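Participant: Let me give you the structure first, and then I'll get to my questions.
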Amino acid sequence: MIKFELDERLAADTFPIADLPLSRVLLMNDARYPWVILVPRHTSISEVFELPADDQQQLWREATQLGEAMKTALEGDKINIASLGNVVSQLHVHVVLRRHSDATWPAPVWGNGSPEPYDLDGQAQLRDQLLALIDGLDM
């Protein structure tokens, strides 16, 4: 079996949170938004359609269940779920909680403003909230 390796750019921009059945959950280091990235633990895959059909369904299940839990618990107005991969080709899915009051609403989070890194307390607090949400998911 080939060992899963996280793209170095994803590793540099995120904090590890947990592993779901298919994906590693990462917290994006941008305190402007509750923003997680799901990275399926497969090697050399850049597109969703390259995953086996069962894993495609599992990825969507993970993204939508985590997004729903985040929207409810963190009181968001909208969840954005996207797989872009123009800069980082390793397959990953963004799950971003948006609020009408956030820094760039209603524009996309990409390319608008500068990321605001978490301080240690903020990062730990959101990590703990996300872990509690993940524990409550039915995967």
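Residues are referred to by chain and number: the chain letter is A, B, ... according to the order shown in the structure tokens, the number counts from 1 in that chain, and ligands are numbered separately from 1 in the order shown.
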Show which residues sit within 10 Å of A:Asp77, as a list in words. Count only C-alpha atoms, and ignore same-chain residues fewer than 5 positions away.

Facilitator: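 Close residues of A:Asp77: Lys71, Thr72, Leu97, Arg98, Arg99, His100 and Ser101 of chain A.
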
Participant: Once you have the residues from the selection above, write them out as a PDB file, in the first residue's frame, restricted to C-alpha atoms.

Facilitator:
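Contents of selection_21.pdb, as written:
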ATOM      1  CA  LYS A  71     -23.643  25.937   9.529  1.00  0.00           C
ATOM      2  CA  THR A  72     -25.886  25.011  12.439  1.00  0.00           C
ATOM      3  CA  LEU A  97     -18.878  28.776   6.365  1.00  0.00           C
ATOM      4  CA  ARG A  98     -20.026  32.182   5.153  1.00  0.00           C
ATOM      5  CA  ARG A  99     -21.849  34.925   6.994  1.00  0.00           C
ATOM      6  CA  HIS A 100     -23.445  38.035   5.535  1.00  0.00           C
ATOM      7  CA  SER A 101     -21.141  39.992   7.867  1.00  0.00           C
TER       8      SER A 101
END

Participant: At a cut-off of 10 Å, using only C-alpha atoms, what residues contact A:Asp19? Leave out same-chain residues fewer than 2 positions from it and give the result as an NGL selection string.

Facilitator: :A and (16-17 or 21-26 or 38-41 or 134)

Participant: How about saving the chosen residues, all heavy atoms kept, as an mmCIF file, in the first residue's frame?

Facilitator:
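Full text of again_21.cif as output:
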data_model
loop_
_atom_site.group_PDB
_atom_site.id
_atom_site.type_symbol
_atom_site.label_atom_id
_atom_site.label_comp_id
_atom_site.auth_asym_id
_atom_site.auth_seq_id
_atom_site.Cartn_x
_atom_site.Cartn_y
_atom_site.Cartn_z
ATOM 1 N N PRO A 16 -3.960 20.281 11.013
ATOM 2 C CA PRO A 16 -4.707 19.014 10.997
ATOM 3 C C PRO A 16 -5.720 18.986 12.129
ATOM 4 O O PRO A 16 -5.437 19.437 13.244
ATOM 5 C CB PRO A 16 -3.629 17.953 11.179
ATOM 6 C CG PRO A 16 -2.466 18.664 11.795
ATOM 7 C CD PRO A 16 -2.558 20.098 11.388
ATOM 8 N N ILE A 17 -6.914 18.457 11.830
ATOM 9 C CA ILE A 17 -7.984 18.363 12.821
ATOM 10 C C ILE A 17 -8.291 16.910 13.158
ATOM 11 O O ILE A 17 -8.255 16.513 14.305
ATOM 12 C CB ILE A 17 -9.268 19.072 12.333
ATOM 13 C CG1 ILE A 17 -9.007 20.560 12.074
ATOM 14 C CG2 ILE A 17 -10.414 18.887 13.322
ATOM 15 C CD1 ILE A 17 -8.630 21.357 13.297
ATOM 16 N N PRO A 21 -13.688 8.800 7.701
ATOM 17 C CA PRO A 21 -13.447 7.507 7.051
ATOM 18 C C PRO A 21 -12.628 7.596 5.756
ATOM 19 O O PRO A 21 -11.790 6.745 5.497
ATOM 20 C CB PRO A 21 -14.858 6.980 6.787
ATOM 21 C CG PRO A 21 -15.670 7.558 7.898
ATOM 22 C CD PRO A 21 -15.098 8.947 8.096
ATOM 23 N N LEU A 22 -12.841 8.647 4.962
ATOM 24 C CA LEU A 22 -12.105 8.795 3.705
ATOM 25 C C LEU A 22 -11.073 9.919 3.765
ATOM 26 O O LEU A 22 -9.969 9.782 3.240
ATOM 27 C CB LEU A 22 -13.082 9.083 2.552
ATOM 28 C CG LEU A 22 -12.446 9.381 1.190
ATOM 29 C CD1 LEU A 22 -11.735 8.143 0.644
ATOM 30 C CD2 LEU A 22 -13.481 9.890 0.209
ATOM 31 N N SER A 23 -11.410 11.003 4.405
ATOM 32 C CA SER A 23 -10.649 12.244 4.263
ATOM 33 C C SER A 23 -9.961 12.699 5.534
ATOM 34 O O SER A 23 -10.469 12.489 6.631
ATOM 35 C CB SER A 23 -11.593 13.378 3.826
ATOM 36 O OG SER A 23 -12.280 13.037 2.656
ATOM 37 N N ARG A 24 -8.848 13.371 5.334
ATOM 38 C CA ARG A 24 -8.213 14.116 6.422
ATOM 39 C C ARG A 24 -8.875 15.489 6.459
ATOM 40 O O ARG A 24 -9.063 16.125 5.426
ATOM 41 C CB ARG A 24 -6.719 14.250 6.145
ATOM 42 C CG ARG A 24 -6.011 15.077 7.187
ATOM 43 C CD ARG A 24 -4.624 14.609 7.528
ATOM 44 N NE ARG A 24 -4.563 13.191 7.811
ATOM 45 C CZ ARG A 24 -3.512 12.425 7.510
ATOM 46 N NH1 ARG A 24 -2.451 12.944 6.939
ATOM 47 N NH2 ARG A 24 -3.515 11.144 7.798
ATOM 48 N N VAL A 25 -9.224 15.942 7.663
ATOM 49 C CA VAL A 25 -9.842 17.253 7.852
ATOM 50 C C VAL A 25 -8.763 18.224 8.306
ATOM 51 O O VAL A 25 -8.062 17.970 9.291
ATOM 52 C CB VAL A 25 -10.976 17.200 8.903
ATOM 53 C CG1 VAL A 25 -11.615 18.578 9.064
ATOM 54 C CG2 VAL A 25 -12.016 16.154 8.540
ATOM 55 N N LEU A 26 -8.660 19.333 7.574
ATOM 56 C CA LEU A 26 -7.673 20.370 7.860
ATOM 57 C C LEU A 26 -8.395 21.690 8.081
ATOM 58 O O LEU A 26 -9.373 21.990 7.393
ATOM 59 C CB LEU A 26 -6.718 20.530 6.673
ATOM 60 C CG LEU A 26 -6.043 19.268 6.147
ATOM 61 C CD1 LEU A 26 -5.349 19.549 4.821
ATOM 62 C CD2 LEU A 26 -5.052 18.743 7.174
ATOM 63 N N LEU A 38 -11.132 19.066 3.135
ATOM 64 C CA LEU A 38 -11.151 17.609 3.202
ATOM 65 C C LEU A 38 -10.237 17.074 2.108
ATOM 66 O O LEU A 38 -10.396 17.437 0.934
ATOM 67 C CB LEU A 38 -12.565 17.075 2.988
ATOM 68 C CG LEU A 38 -13.650 17.597 3.928
ATOM 69 C CD1 LEU A 38 -14.999 16.978 3.567
ATOM 70 C CD2 LEU A 38 -13.305 17.319 5.362
ATOM 71 N N VAL A 39 -9.300 16.222 2.500
ATOM 72 C CA VAL A 39 -8.361 15.643 1.537
ATOM 73 C C VAL A 39 -8.511 14.128 1.589
ATOM 74 O O VAL A 39 -8.123 13.494 2.577
ATOM 75 C CB VAL A 39 -6.903 16.028 1.852
ATOM 76 C CG1 VAL A 39 -5.967 15.480 0.779
ATOM 77 C CG2 VAL A 39 -6.753 17.533 1.996
ATOM 78 N N PRO A 40 -9.107 13.529 0.543
ATOM 79 C CA PRO A 40 -9.196 12.065 0.532
ATOM 80 C C PRO A 40 -7.805 11.454 0.630
ATOM 81 O O PRO A 40 -6.862 11.924 -0.013
ATOM 82 C CB PRO A 40 -9.844 11.749 -0.825
ATOM 83 C CG PRO A 40 -10.580 13.000 -1.184
ATOM 84 C CD PRO A 40 -9.735 14.122 -0.634
ATOM 85 N N ARG A 41 -7.692 10.423 1.455
ATOM 86 C CA ARG A 41 -6.378 9.800 1.679
ATOM 87 C C ARG A 41 -6.089 8.789 0.563
ATOM 88 O O ARG A 41 -5.998 7.593 0.789
ATOM 89 C CB ARG A 41 -6.330 9.166 3.073
ATOM 90 C CG ARG A 41 -6.330 10.205 4.190
ATOM 91 C CD ARG A 41 -6.181 9.607 5.567
ATOM 92 N NE ARG A 41 -7.111 8.539 5.862
ATOM 93 C CZ ARG A 41 -8.378 8.714 6.263
ATOM 94 N NH1 ARG A 41 -8.873 9.930 6.396
ATOM 95 N NH2 ARG A 41 -9.136 7.691 6.516
ATOM 96 N N ILE A 134 -17.416 16.759 14.534
ATOM 97 C CA ILE A 134 -17.011 15.527 13.841
ATOM 98 C C ILE A 134 -17.429 14.312 14.638
ATOM 99 O O ILE A 134 -17.918 13.320 14.082
ATOM 100 C CB ILE A 134 -15.500 15.550 13.560
ATOM 101 C CG1 ILE A 134 -15.208 16.566 12.446
ATOM 102 C CG2 ILE A 134 -14.977 14.164 13.181
ATOM 103 C CD1 ILE A 134 -13.741 16.910 12.273
#

Participant: Report the distance between atom CA of A:Leu51 and atom CA of A:Val93 in Å, rounded to one decimal place.

Facilitator: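 Distance reported for this atom pair: 13.2 Å.
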
Participant: Sort by chain and increasing residue number a table of all residues of stretch 65-101 of chain A within 10 Å of stretch 120-131 of chain A, each with its closest pair of atoms and their distance in Å to one decimal, counting only C-alpha atoms, and write it as a tab-separated table.

Facilitator:
residue	atom	partner	partner_atom	distance
A:Leu66	CA	A:Leu130	CA	8.7
A:Ala69	CA	A:Leu130	CA	9.0
A:Met70	CA	A:Leu130	CA	7.7
A:Ala73	CA	A:Gln129	CA	8.6
A:Leu74	CA	A:Gln129	CA	8.7

Participant: Can those selected residues be exported to a file as a compact mmCIF listing (two decimals), in the first residue's frame so that it contains N, CA, C and O atoms?

Facilitator:
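Saved the output as result-v6.txt:
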# COMPACT_ATOMS: atom_id res chain seq x y z
N LEU A 66 -20.46 17.58 7.33
CA LEU A 66 -19.65 18.51 8.09
C LEU A 66 -20.11 19.95 7.83
O LEU A 66 -20.22 20.76 8.75
N ALA A 69 -23.32 20.57 9.79
CA ALA A 69 -23.03 20.70 11.22
C ALA A 69 -22.37 22.06 11.52
O ALA A 69 -22.70 22.72 12.51
N MET A 70 -21.46 22.48 10.65
CA MET A 70 -20.80 23.78 10.85
C MET A 70 -21.80 24.92 10.74
O MET A 70 -21.79 25.85 11.55
N ALA A 73 -24.07 24.80 14.03
CA ALA A 73 -23.38 25.06 15.30
C ALA A 73 -22.68 26.42 15.32
O ALA A 73 -22.61 27.06 16.37
N LEU A 74 -22.15 26.83 14.19
CA LEU A 74 -21.38 28.08 14.13
C LEU A 74 -22.21 29.24 13.59
O LEU A 74 -21.67 30.32 13.33

Participant: Which is closer to A:Asp7 than all the others in A:Pro117, A:Pro106, A:Gly111, A:Gly85, using only C-alpha atoms?

Facilitator: A:Gly85

Participant: Compare A:Asp135, A:Leu10, A:Ser83, A:Val95 by their minimum atom-to-atom distance to A:Phe49, counting only C-alpha atoms, and give me the closest one.

Facilitator: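 Of A:Asp135, A:Leu10, A:Ser83, A:Val95, the one nearest A:Phe49 is A:Ser83, counting only C-alpha atoms.
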
Participant: Please return as a list of chain:residue names: the residues of chain A that backbone DSSP assigns to strand (DSSP E or B).

Facilitator: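 Filtering chain A to strand (DSSP E or B) leaves A:Thr14, A:Phe15, A:Pro16, A:Ile17, A:Ala18, A:Asp19, A:Ser23, A:Arg24, A:Val25, A:Leu26, A:Leu27, A:Met28, A:Trp35, A:Val36, A:Ile37, A:Leu38, A:Val39, A:Pro40, A:Lys78, A:Ile79, A:Asn80, A:Ile81, A:Ala82, A:Val93, A:His94, A:Val95, A:Val96, A:Leu97, A:Arg98.
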
Participant: With only C-alpha atoms as the basis for distance, which of A:Ser46, A:Gln58, A:Gln65, A:Asn29 is at the shortest distance from A:Val88?

Facilitator: A:Ser46

Participant: Report as a PyMOL selection string: the residues of chain A with a DSSP assignment of helix (DSSP H, G or I), based on the backbone of this structure.

Facilitator: chain A and resi 8-13+48-50+53-73+120-135

Participant: Quick one, how far is atom CA of A:Leu59 from atom CA of A:Pro115?

Facilitator: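 We find that atom CA of A:Leu59 and atom CA of A:Pro115 lie 26.3 Å from each other.
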
Participant: Just checking: using only C-alpha atoms, which residue out of A:His92, A:Ile79, A:Trp35, A:Ala103 ends up closest to A:Arg9?

Facilitator: A:His92

Participant: Find the residue from A:Glu68, A:Ala132, A:Asp119, A:Ala31 that sits nearest to A:Ala18; use only C-alpha atoms when measuring.

Facilitator: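 Ranking A:Glu68, A:Ala132, A:Asp119, A:Ala31 by distance to A:Ala18, first place goes to A:Ala132.
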
Participant: For A:Trp110, please output as a ChimeraX atom specification all residues within 12 Å (counting only C-alpha atoms; exclusion window: fewer than 2 positions along the same chain).

Facilitator: /A:30,32-33,35,80,82,84,86-87,94,96,103-108,112-115

Participant: Figure out the distance between atom CA of A:Asp13 and atom CA of A:Asp55, please, to one decimal in Å.

Facilitator: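 Computing the Euclidean distance for atom CA of A:Asp55 and atom CA of A:Asp13 yields 25.1 Å.
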
Participant: Applying 9 Å and only C-alpha atoms, which residues near A:Ser44 remain after dropping the ones on its own chain fewer than 5 positions away? List them as JSON, numbers by chain.

Facilitator: {"A": [89, 90, 91]}
